[in-house]
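Colleague: I am sharing final.pdb, which consists of PDB, C-alpha atoms, pLDDT in the B column:
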ATOM      1  CA  MET A 996     102.010  79.577 120.006  1.00 84.00           C
ATOM      2  CA  ILE A 997     102.582  82.910 121.771  1.00 95.00           C
ATOM      3  CA  GLU A 998     104.094  82.124 125.160  1.00 96.00           C
ATOM      4  CA  LYS A 999     104.208  85.626 126.630  1.00 96.00           C
ATOM      5  CA  ILE A1000     105.265  89.197 126.087  1.00 97.00           C
ATOM      6  CA  ASP A1001     109.032  88.931 125.904  1.00 96.00           C
ATOM      7  CA  HIS A1002     109.958  92.602 125.973  1.00 97.00           C
ATOM      8  CA  LEU A1003     108.969  96.169 125.195  1.00 98.00           C
ATOM      9  CA  GLY A1004     111.366  98.156 123.020  1.00 98.00           C
ATOM     10  CA  PHE A1005     112.073 101.855 123.473  1.00 98.00           C
ATOM     11  CA  ALA A1006     114.074 103.967 121.015  1.00 98.00           C
ATOM     12  CA  VAL A1007     116.588 106.304 122.676  1.00 98.00           C
ATOM     13  CA  ARG A1008     119.181 108.677 121.314  1.00 98.00           C
ATOM     14  CA  SER A1009     121.708 107.734 124.009  1.00 98.00           C
ATOM     15  CA  LEU A1010     121.859 104.615 126.166  1.00 98.00           C
ATOM     16  CA  GLU A1011     124.008 106.541 128.624  1.00 97.00           C
ATOM     17  CA  GLU A1012     121.381 109.243 129.077  1.00 97.00           C
ATOM     18  CA  ALA A1013     118.478 106.792 129.160  1.00 98.00           C
ATOM     19  CA  ARG A1014     120.193 104.673 131.801  1.00 96.00           C
ATOM     20  CA  LYS A1015     119.989 107.623 134.214  1.00 96.00           C
ATOM     21  CA  PHE A1016     116.181 107.332 134.163  1.00 98.00           C
ATOM     22  CA  TYR A1017     115.885 103.551 134.178  1.00 97.00           C
ATOM     23  CA  GLU A1018     118.523 103.065 136.868  1.00 97.00           C
ATOM     24  CA  ASP A1019     118.415 106.207 139.011  1.00 97.00           C
ATOM     25  CA  VAL A1020     114.685 106.951 138.886  1.00 97.00           C
ATOM     26  CA  LEU A1021     113.152 103.495 138.422  1.00 97.00           C
ATOM     27  CA  GLY A1022     115.860 101.580 140.287  1.00 97.00           C
ATOM     28  CA  LEU A1023     116.200  98.918 137.586  1.00 97.00           C
ATOM     29  CA  VAL A1024     119.469  97.083 136.966  1.00 96.00           C
ATOM     30  CA  CYS A1025     120.906  96.715 133.488  1.00 97.00           C
ATOM     31  CA  GLU A1026     121.249  92.983 132.836  1.00 96.00           C
ATOM     32  CA  LYS A1027     122.992  93.116 129.497  1.00 96.00           C
ATOM     33  CA  GLU A1028     124.251  95.491 126.834  1.00 97.00           C
ATOM     34  CA  GLU A1029     125.129  94.418 123.311  1.00 96.00           C
ATOM     35  CA  THR A1030     125.486  95.626 119.753  1.00 96.00           C
ATOM     36  CA  VAL A1031     123.268  93.990 117.145  1.00 94.00           C
ATOM     37  CA  GLU A1032     125.087  94.556 113.864  1.00 92.00           C
ATOM     38  CA  SER A1033     122.208  93.295 111.698  1.00 88.00           C
ATOM     39  CA  GLN A1034     119.964  96.080 113.061  1.00 91.00           C
ATOM     40  CA  LYS A1035     122.696  98.741 113.490  1.00 96.00           C
ATOM     41  CA  VAL A1036     121.756  99.238 117.119  1.00 97.00           C
ATOM     42  CA  ARG A1037     123.130  99.021 120.661  1.00 98.00           C
ATOM     43  CA  THR A1038     120.745  97.530 123.188  1.00 97.00           C
ATOM     44  CA  ALA A1039     120.435  97.501 126.952  1.00 98.00           C
ATOM     45  CA  PHE A1040     118.069  95.120 128.740  1.00 97.00           C
ATOM     46  CA  TYR A1041     116.303  95.584 132.064  1.00 98.00           C
ATOM     47  CA  SER A1042     113.837  93.297 133.858  1.00 95.00           C
ATOM     48  CA  ALA A1043     110.568  94.560 135.260  1.00 94.00           C
ATOM     49  CA  GLY A1044     108.986  91.437 136.678  1.00 92.00           C
ATOM     50  CA  ASP A1045     108.567  88.862 133.909  1.00 91.00           C
ATOM     51  CA  ILE A1046     108.889  91.429 131.133  1.00 94.00           C
ATOM     52  CA  HIS A1047     112.112  92.859 129.807  1.00 96.00           C
ATOM     53  CA  ILE A1048     112.615  96.430 128.691  1.00 98.00           C
ATOM     54  CA  GLU A1049     114.925  96.867 125.714  1.00 98.00           C
ATOM     55  CA  LEU A1050     116.522 100.245 125.077  1.00 98.00           C
ATOM     56  CA  LEU A1051     117.631 100.748 121.472  1.00 98.00           C
ATOM     57  CA  GLU A1052     120.293 103.268 120.435  1.00 98.00           C
ATOM     58  CA  PRO A1053     121.227 103.588 116.752  1.00 98.00           C
ATOM     59  CA  THR A1054     124.834 102.932 115.759  1.00 98.00           C
ATOM     60  CA  SER A1055     124.490 104.623 112.360  1.00 97.00           C
ATOM     61  CA  GLU A1056     122.287 107.228 110.715  1.00 96.00           C
ATOM     62  CA  ASP A1057     120.792 104.653 108.329  1.00 96.00           C
ATOM     63  CA  SER A1058     119.640 102.251 111.047  1.00 96.00           C
ATOM     64  CA  PRO A1059     115.911 101.592 111.484  1.00 95.00           C
ATOM     65  CA  ILE A1060     116.092 103.108 114.981  1.00 97.00           C
ATOM     66  CA  ALA A1061     117.749 106.307 113.699  1.00 98.00           C
ATOM     67  CA  LYS A1062     114.971 106.662 111.128  1.00 97.00           C
ATOM     68  CA  PHE A1063     112.353 106.061 113.837  1.00 97.00           C
ATOM     69  CA  LEU A1064     113.948 108.680 116.124  1.00 98.00           C
ATOM     70  CA  ASN A1065     114.112 111.245 113.327  1.00 98.00           C
ATOM     71  CA  LYS A1066     110.428 110.732 112.553  1.00 96.00           C
ATOM     72  CA  ASN A1067     108.947 110.136 116.043  1.00 97.00           C
ATOM     73  CA  GLY A1068     111.485 111.089 118.679  1.00 98.00           C
ATOM     74  CA  GLU A1069     112.339 108.939 121.671  1.00 98.00           C
ATOM     75  CA  GLY A1070     109.783 106.557 123.085  1.00 98.00           C
ATOM     76  CA  PHE A1071     107.907 103.318 122.633  1.00 98.00           C
ATOM     77  CA  HIS A1072     109.108 101.436 119.561  1.00 98.00           C
ATOM     78  CA  HIS A1073     107.772  97.854 119.602  1.00 98.00           C
ATOM     79  CA  ILE A1074     106.251  94.967 121.515  1.00 98.00           C
ATOM     80  CA  ALA A1075     107.882  91.548 121.261  1.00 98.00           C
ATOM     81  CA  TYR A1076     106.099  88.251 121.772  1.00 98.00           C
ATOM     82  CA  ARG A1077     107.972  85.083 122.658  1.00 97.00           C
ATOM     83  CA  THR A1078     106.984  82.087 120.583  1.00 97.00           C
ATOM     84  CA  ASP A1079     108.137  78.509 120.285  1.00 96.00           C
ATOM     85  CA  ASP A1080     107.392  78.522 116.518  1.00 97.00           C
ATOM     86  CA  ILE A1081     108.417  81.748 114.818  1.00 98.00           C
ATOM     87  CA  ILE A1082     107.948  80.310 111.314  1.00 97.00           C
ATOM     88  CA  GLY A1083     104.410  79.233 112.201  1.00 97.00           C
ATOM     89  CA  GLN A1084     103.645  82.666 113.669  1.00 97.00           C
ATOM     90  CA  LEU A1085     104.869  84.364 110.503  1.00 98.00           C
ATOM     91  CA  GLU A1086     102.769  82.054 108.329  1.00 97.00           C
ATOM     92  CA  THR A1087      99.668  82.681 110.454  1.00 97.00           C
ATOM     93  CA  ALA A1088     100.216  86.441 110.357  1.00 98.00           C
ATOM     94  CA  LYS A1089     100.705  86.423 106.575  1.00 98.00           C
ATOM     95  CA  GLN A1090      97.633  84.232 105.998  1.00 98.00           C
ATOM     96  CA  ASN A1091      95.620  86.734 108.006  1.00 97.00           C
ATOM     97  CA  GLY A1092      96.695  89.731 105.974  1.00 97.00           C
ATOM     98  CA  CYS A1093      99.636  91.067 107.979  1.00 98.00           C
ATOM     99  CA  ARG A1094     102.479  92.677 106.077  1.00 98.00           C
ATOM    100  CA  LEU A1095     105.763  91.049 107.086  1.00 98.00           C
ATOM    101  CA  ILE A1096     108.906  93.120 107.408  1.00 97.00           C
ATOM    102  CA  HIS A1097     110.868  89.863 107.579  1.00 95.00           C
ATOM    103  CA  GLU A1098     109.685  86.846 105.575  1.00 94.00           C
ATOM    104  CA  GLU A1099     112.301  84.778 107.415  1.00 96.00           C
ATOM    105  CA  PRO A1100     113.666  85.249 110.949  1.00 97.00           C
ATOM    106  CA  ILE A1101     116.917  87.150 111.411  1.00 94.00           C
ATOM    107  CA  GLU A1102     119.340  87.142 114.328  1.00 92.00           C
ATOM    108  CA  GLY A1103     118.423  89.658 116.995  1.00 91.00           C
ATOM    109  CA  ALA A1104     119.678  90.583 120.450  1.00 89.00           C
ATOM    110  CA  ASP A1105     120.699  87.805 122.813  1.00 86.00           C
ATOM    111  CA  GLY A1106     121.086  85.389 119.884  1.00 89.00           C
ATOM    112  CA  LYS A1107     117.314  85.117 119.433  1.00 93.00           C
ATOM    113  CA  GLN A1108     115.663  84.604 116.075  1.00 96.00           C
ATOM    114  CA  VAL A1109     113.354  87.574 115.434  1.00 96.00           C
ATOM    115  CA  ALA A1110     110.946  88.841 112.784  1.00 97.00           C
ATOM    116  CA  PHE A1111     108.821  91.973 112.623  1.00 97.00           C
ATOM    117  CA  LEU A1112     105.313  92.694 111.362  1.00 98.00           C
ATOM    118  CA  HIS A1113     104.718  96.059 109.703  1.00 97.00           C
ATOM    119  CA  PRO A1114     102.737  98.481 111.893  1.00 97.00           C
ATOM    120  CA  LYS A1115     100.510  99.470 108.957  1.00 96.00           C
ATOM    121  CA  SER A1116      98.963  96.005 109.222  1.00 97.00           C
ATOM    122  CA  THR A1117      98.985  95.690 113.022  1.00 97.00           C
ATOM    123  CA  LEU A1118      96.883  98.623 114.222  1.00 96.00           C
ATOM    124  CA  GLY A1119      99.821 101.034 114.177  1.00 96.00           C
ATOM    125  CA  VAL A1120     102.133  99.096 116.509  1.00 97.00           C
ATOM    126  CA  LEU A1121     105.377  97.442 115.409  1.00 97.00           C
ATOM    127  CA  ASN A1122     105.127  93.796 116.506  1.00 98.00           C
ATOM    128  CA  GLU A1123     108.048  91.398 116.868  1.00 98.00           C
ATOM    129  CA  PHE A1124     108.106  87.637 117.222  1.00 98.00           C
ATOM    130  CA  CYS A1125     111.137  86.175 118.949  1.00 97.00           C
ATOM    131  CA  GLU A1126     112.241  82.604 119.538  1.00 96.00           C
TER     132      GLU A1126
END
Can the structure in the file be given as structure tokens, please?
Modeller:
Amino acid sequence: MIEKIDHLGFAVRSLEEARKFYEDVLGLVCEKEETVESQKVRTAFYSAGDIHIELLEPTSEDSPIAKFLNKNGEGFHHIAYRTDDIIGQLETAKQNGCRLIHEEPIEGADGKQVAFLHPKSTLGVLNEFCE
């Protein structure tokens, strides 16, 4: 059911500042920037081989990313797995004791359906399924 790692998410205070590192130092090219209203975040996507890097900047102080930044600072936020059956993945995770942040998929970046598993039930790492 898991096809591959879709992307790695990194929380940043400023996309503009973060782009200096990803573009000037690493030489990556920003493929897309968008605002995801449902998550109160602006995103920028880069490709590194078959894996995308997603930079996440909060658009309001009550966004999940703003809360993460206030608690942890900038850095690694989540790993996202591509699946062809997000509902099935959620059911399997729940049956195996994972705490779901989303019982049903929500719309994420790039029009994908996404759902997150709580890090307290996934060895401390925020996991995302995307379809």
Colleague: Have a look at A:Val1024, A:Ala1104, A:Ile1048, A:Ala1043 and name the one nearest to Leu1003 of chain A; count all atoms listed in the file.
Modeller: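 Of the candidates, the smallest distance to Leu1003 of chain A is held by A:Ile1048.
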Colleague: Between A:Glu1026, A:Glu1126, A:Glu1011, A:Glu1102, which residue has the minimum interatomic distance to Ala1075 of chain A, considering all atoms listed in the file?
Modeller: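 Closest to Ala1075 of chain A, using all atoms listed in the file: A:Glu1126.
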Colleague: Nearest to Leu1121 of chain A: which of A:Pro1059, A:Gly1083, A:Gly1106, A:Gly1044 is it, counting only C-alpha atoms?
Modeller: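 Of A:Pro1059, A:Gly1083, A:Gly1106, A:Gly1044, the one nearest Leu1121 of chain A, counting only C-alpha atoms, is A:Pro1059.
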Colleague: Written as a ChimeraX atom specification, what is the full residue list that the PyMOL selection byres ((chain A and resi 1062) around 12) yields on the file shown?
Modeller: /A:1006-1008,1034-1036,1052-1061,1063-1069,1072
Colleague: Counting only C-alpha atoms, figure out which residue out of A:Leu1010, A:Lys1107, A:Glu1018, A:Asp1045 gets nearest to Thr1078 of chain A.
Modeller: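 Nearest to Thr1078 of chain A: A:Lys1107.
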Colleague: Counting all atoms listed in the file, which of A:His1047, A:Lys1115, A:His1073, A:Arg1014 gets nearest to Cys1093 of chain A?
Modeller: A:Lys1115
Colleague: Give me the residues within 6 Å of Arg1037 of chain A as a list in words, counting all atoms listed in the file and dropping any in the same chain fewer than 3 places off.
Modeller: Glu1029, Thr1030, Leu1051 and Glu1052 of chain A
